[in-house]
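Trainee: Below is the file work_10.cif, which contains mmCIF, C-alpha atoms.
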data_model
loop_
_atom_site.label_atom_id
_atom_site.label_comp_id
_atom_site.auth_asym_id
_atom_site.auth_seq_id
_atom_site.Cartn_x
_atom_site.Cartn_y
_atom_site.Cartn_z
CA MET A 186 -65.61 44.72 67.71
CA ALA A 187 -61.84 44.38 68.16
CA ILE A 188 -60.60 40.82 67.74
CA LEU A 189 -57.28 39.27 68.70
CA HIS A 190 -56.47 36.38 66.37
CA THR A 191 -53.98 33.74 67.51
CA VAL A 192 -52.16 31.41 65.12
CA ASN A 193 -50.19 28.51 66.58
CA LYS A 194 -49.40 26.45 63.46
CA SER A 195 -46.48 26.85 61.09
CA PRO A 196 -47.50 28.45 57.77
CA PHE A 197 -45.36 25.78 56.11
CA GLU A 198 -47.54 22.95 57.43
CA ARG A 199 -51.07 24.35 57.71
CA ASN A 200 -53.17 27.12 56.18
CA ALA A 201 -54.25 28.63 59.53
CA LEU A 202 -52.33 31.85 58.88
CA ASP A 203 -53.83 32.29 55.41
CA SER A 204 -57.33 31.74 56.78
CA CYS A 205 -56.70 34.16 59.63
CA LEU A 206 -55.40 36.91 57.35
CA LYS A 207 -58.29 36.38 54.95
CA PHE A 208 -60.92 36.93 57.63
CA ALA A 209 -59.16 39.40 59.95
CA SER A 210 -60.73 42.82 59.60
CA ASP A 211 -58.70 45.99 59.21
CA GLY A 212 -57.24 47.07 62.53
CA ALA A 213 -57.35 43.58 64.04
CA ALA A 214 -54.42 42.12 65.96
CA VAL A 215 -52.74 38.82 65.09
CA LEU A 216 -50.55 37.06 67.64
CA LEU A 217 -48.24 34.32 66.39
CA ILE A 218 -47.58 31.70 69.06
CA GLU A 219 -45.94 28.25 69.24
CA ASP A 220 -44.99 27.17 65.67
CA GLY A 221 -46.92 30.14 64.29
CA VAL A 222 -43.84 32.27 65.04
CA TYR A 223 -42.21 30.90 61.87
CA ALA A 224 -44.53 33.19 59.89
CA ALA A 225 -42.83 36.25 61.39
CA LEU A 226 -39.37 35.40 60.05
CA ARG A 227 -37.73 37.36 57.23
CA ASP A 228 -36.64 35.72 54.00
CA THR A 229 -39.17 32.89 53.87
CA ALA A 230 -41.86 31.86 51.41
CA VAL A 231 -44.50 33.74 53.45
CA THR A 232 -42.54 36.93 54.19
CA GLU A 233 -44.20 38.96 51.44
CA ARG A 234 -47.69 37.86 52.50
CA VAL A 235 -47.06 38.70 56.14
CA ALA A 236 -45.39 42.04 55.35
CA SER A 237 -48.36 42.97 53.18
CA ALA A 238 -50.78 42.08 56.00
CA LEU A 239 -49.00 44.59 58.25
CA GLU A 240 -50.64 47.34 56.20
CA ARG A 241 -54.02 46.46 57.70
CA VAL A 242 -53.47 44.43 60.88
CA SER A 243 -51.08 44.58 63.84
CA LEU A 244 -48.82 41.55 64.07
CA PHE A 245 -47.27 40.28 67.27
CA VAL A 246 -45.07 37.31 68.09
CA LEU A 247 -44.70 35.64 71.48
CA GLY A 248 -41.05 36.20 72.41
CA PRO A 249 -40.58 33.05 74.53
CA ASP A 250 -41.87 30.88 71.66
CA LEU A 251 -39.52 32.63 69.22
CA LYS A 252 -36.59 32.09 71.58
CA ALA A 253 -37.55 28.44 72.20
CA ARG A 254 -37.17 27.83 68.46
CA GLY A 255 -33.72 29.40 68.42
CA PHE A 256 -34.55 32.70 66.70
CA ALA A 257 -33.52 36.21 67.71
CA GLU A 258 -35.76 39.25 67.26
CA GLU A 259 -33.40 40.47 64.52
CA ARG A 260 -34.79 37.73 62.25
CA LEU A 261 -38.31 39.21 62.33
CA ILE A 262 -40.07 41.02 59.51
CA ALA A 263 -39.98 44.77 60.10
CA GLY A 264 -43.12 45.89 61.89
CA VAL A 265 -43.77 42.66 63.81
CA LYS A 266 -43.83 43.40 67.54
CA VAL A 267 -42.57 41.01 70.21
CA VAL A 268 -44.60 40.46 73.38
CA ASP A 269 -43.97 38.38 76.49
CA TYR A 270 -46.61 36.43 78.42
CA ASP A 271 -47.81 39.58 80.19
CA GLY A 272 -48.14 41.23 76.79
CA PHE A 273 -50.23 38.26 75.60
CA VAL A 274 -52.57 38.77 78.56
CA ASP A 275 -52.73 42.51 77.86
CA LEU A 276 -53.63 41.88 74.21
CA ALA A 277 -56.39 39.46 75.22
CA ALA A 278 -57.77 41.96 77.73
CA GLU A 279 -57.66 44.86 75.25
CA HIS A 280 -59.77 43.02 72.67
CA ASP A 281 -63.43 42.09 72.79
CA LYS A 282 -62.84 38.57 71.54
CA VAL A 283 -60.01 36.11 70.95
CA GLN A 284 -60.19 33.88 67.88
CA ALA A 285 -57.82 30.90 67.75
CA TRP A 286 -56.88 29.59 64.30
CA LEU A 287 -55.89 25.93 64.43
#
Could you show the structure in this file as structure tokens?
Mentor:
Amino acid sequence: MAILHTVNKSPFERNALDSCLKFASDGAAVLLIEDGVYAALRDTAVTERVASALERVSLFVLGPDLKARGFAEERLIAGVKVVDYDGFVDLAAEHDKVQAWL
């Protein structure tokens, strides 16, 4: 069963991302939304963890949320893909289940 995991909390305030990555199975998709987009930025305390997760899961970031926080796509960890709202809907439709990590 393909699962889309969404994380909307900053990895610097909550452990939602760590929990998500711990339980996400190989081949799963993780979409970082709202303050969760901070996890996709290069040169942070979680960069190594997120980059390592890219070996087994697909990571996406919601572009409008990234832009709303003042970050350009150039700041993202290599391998993280940017999606817009239509892309979010496509990801949800492509997966059997959506799991929100709060």
Trainee: On this structure, the PyMOL selection byres ((chain A and resi 260-266) around 10) would catch which residues? List them as a VMD selection string, sorted by chain and number.
Mentor: chain A and resid 215 to 217 222 to 229 232 to 233 235 to 236 239 to 240 243 to 248 251 256 to 259 267 to 268
Trainee: Selected residues, C-alpha atoms, written as a compact mmCIF listing (two decimals), in the frame of the given file, please.
Mentor:
# COMPACT_ATOMS: atom_id res chain seq x y z
CA VAL A 215 -52.74 38.82 65.09
CA LEU A 216 -50.55 37.06 67.64
CA LEU A 217 -48.24 34.32 66.39
CA VAL A 222 -43.84 32.27 65.04
CA TYR A 223 -42.21 30.90 61.87
CA ALA A 224 -44.53 33.19 59.89
CA ALA A 225 -42.83 36.25 61.39
CA LEU A 226 -39.37 35.40 60.05
CA ARG A 227 -37.73 37.36 57.23
CA ASP A 228 -36.64 35.72 54.00
CA THR A 229 -39.17 32.89 53.87
CA THR A 232 -42.54 36.93 54.19
CA GLU A 233 -44.20 38.96 51.44
CA VAL A 235 -47.06 38.70 56.14
CA ALA A 236 -45.39 42.04 55.35
CA LEU A 239 -49.00 44.59 58.25
CA GLU A 240 -50.64 47.34 56.20
CA SER A 243 -51.08 44.58 63.84
CA LEU A 244 -48.82 41.55 64.07
CA PHE A 245 -47.27 40.28 67.27
CA VAL A 246 -45.07 37.31 68.09
CA LEU A 247 -44.70 35.64 71.48
CA GLY A 248 -41.05 36.20 72.41
CA LEU A 251 -39.52 32.63 69.22
CA PHE A 256 -34.55 32.70 66.70
CA ALA A 257 -33.52 36.21 67.71
CA GLU A 258 -35.76 39.25 67.26
CA GLU A 259 -33.40 40.47 64.52
CA VAL A 267 -42.57 41.01 70.21
CA VAL A 268 -44.60 40.46 73.38
Trainee: Which residues come within 10 Å of Pro196 in chain A, counting all atoms listed in the file, excluding same-chain residues fewer than 2 positions away, as a list in words?
Mentor: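 Counting all atoms listed in the file, the residues come to Val192, Asn193, Lys194, Glu198, Arg199, Asn200, Ala201, Leu202, Asp203, Asp220, Gly221, Val222, Tyr223, Ala224, Ala225, Ala230 and Val231 of chain A.
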Trainee: Which distance in Å separates CA of Ala285 in chain A and CA of Phe197 in chain A, to one decimal?
Mentor: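 According to the coordinates, CA of Ala285 in chain A and CA of Phe197 in chain A are separated by 17.8 Å.
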Trainee: Report the residues retrieved by the PyMOL selection byres ((chain A and resi 188) around 6) from the displayed file, expressed as a count of residues only.
Mentor: 7
Trainee: Closest to Ala277 in chain A among A:Ala214, A:Lys207, A:Ser195, A:Lys252, using only C-alpha atoms?
Mentor: A:Ala214
Trainee: Complete the atoms of range 256-282 of chain A to N, CA and C atoms and put them out as a short mmCIF file (atom, residue, chain, number, x, y, z; two decimals), in the coordinates of the input.
Mentor:
data_model
loop_
_atom_site.label_atom_id
_atom_site.label_comp_id
_atom_site.auth_asym_id
_atom_site.auth_seq_id
_atom_site.Cartn_x
_atom_site.Cartn_y
_atom_site.Cartn_z
N PHE A 256 -34.61 31.50 67.54
CA PHE A 256 -34.55 32.70 66.70
C PHE A 256 -34.46 33.97 67.54
N ALA A 257 -33.65 34.90 67.08
CA ALA A 257 -33.52 36.21 67.71
C ALA A 257 -34.51 37.18 67.07
N GLU A 258 -34.82 38.24 67.77
CA GLU A 258 -35.76 39.25 67.26
C GLU A 258 -35.27 39.88 65.96
N GLU A 259 -33.97 39.89 65.74
CA GLU A 259 -33.40 40.47 64.52
C GLU A 259 -33.85 39.74 63.26
N ARG A 260 -34.34 38.52 63.40
CA ARG A 260 -34.79 37.73 62.25
C ARG A 260 -36.21 38.07 61.82
N LEU A 261 -36.89 38.92 62.60
CA LEU A 261 -38.31 39.21 62.33
C LEU A 261 -38.50 40.20 61.19
N ILE A 262 -39.63 40.07 60.54
CA ILE A 262 -40.07 41.02 59.51
C ILE A 262 -40.26 42.37 60.19
N ALA A 263 -39.81 43.43 59.54
CA ALA A 263 -39.98 44.77 60.10
C ALA A 263 -41.46 45.05 60.36
N GLY A 264 -41.75 45.56 61.54
CA GLY A 264 -43.12 45.89 61.89
C GLY A 264 -43.79 44.87 62.80
N VAL A 265 -43.23 43.68 62.90
CA VAL A 265 -43.77 42.66 63.81
C VAL A 265 -43.26 42.99 65.21
N LYS A 266 -44.18 43.04 66.16
CA LYS A 266 -43.83 43.40 67.54
C LYS A 266 -43.72 42.14 68.40
N VAL A 267 -42.78 42.14 69.30
CA VAL A 267 -42.57 41.01 70.21
C VAL A 267 -43.26 41.32 71.55
N VAL A 268 -43.99 40.33 72.07
CA VAL A 268 -44.60 40.46 73.38
C VAL A 268 -44.18 39.27 74.24
N ASP A 269 -44.21 39.48 75.56
CA ASP A 269 -43.97 38.38 76.49
C ASP A 269 -45.33 37.87 76.96
N TYR A 270 -45.34 36.99 77.96
CA TYR A 270 -46.61 36.43 78.42
C TYR A 270 -47.55 37.50 78.98
N ASP A 271 -46.98 38.47 79.69
CA ASP A 271 -47.81 39.58 80.19
C ASP A 271 -48.42 40.36 79.04
N GLY A 272 -47.63 40.54 77.97
CA GLY A 272 -48.14 41.23 76.79
C GLY A 272 -49.26 40.46 76.12
N PHE A 273 -49.17 39.13 76.13
CA PHE A 273 -50.23 38.26 75.60
C PHE A 273 -51.51 38.51 76.38
N VAL A 274 -51.40 38.53 77.71
CA VAL A 274 -52.57 38.77 78.56
C VAL A 274 -53.14 40.16 78.29
N ASP A 275 -52.27 41.15 78.15
CA ASP A 275 -52.73 42.51 77.86
C ASP A 275 -53.48 42.57 76.54
N LEU A 276 -52.95 41.90 75.51
CA LEU A 276 -53.63 41.88 74.21
C LEU A 276 -55.02 41.25 74.33
N ALA A 277 -55.09 40.14 75.05
CA ALA A 277 -56.39 39.46 75.22
C ALA A 277 -57.38 40.36 75.96
N ALA A 278 -56.89 41.08 76.95
CA ALA A 278 -57.77 41.96 77.73
C ALA A 278 -58.21 43.20 76.95
N GLU A 279 -57.36 43.67 76.04
CA GLU A 279 -57.66 44.86 75.25
C GLU A 279 -58.68 44.61 74.14
N HIS A 280 -58.87 43.35 73.78
CA HIS A 280 -59.77 43.02 72.67
C HIS A 280 -61.06 42.40 73.18
N ASP A 281 -62.11 42.59 72.41
CA ASP A 281 -63.43 42.09 72.79
C ASP A 281 -63.53 40.58 72.71
N LYS A 282 -62.73 40.00 71.81
CA LYS A 282 -62.84 38.57 71.54
C LYS A 282 -61.47 38.05 71.12
#
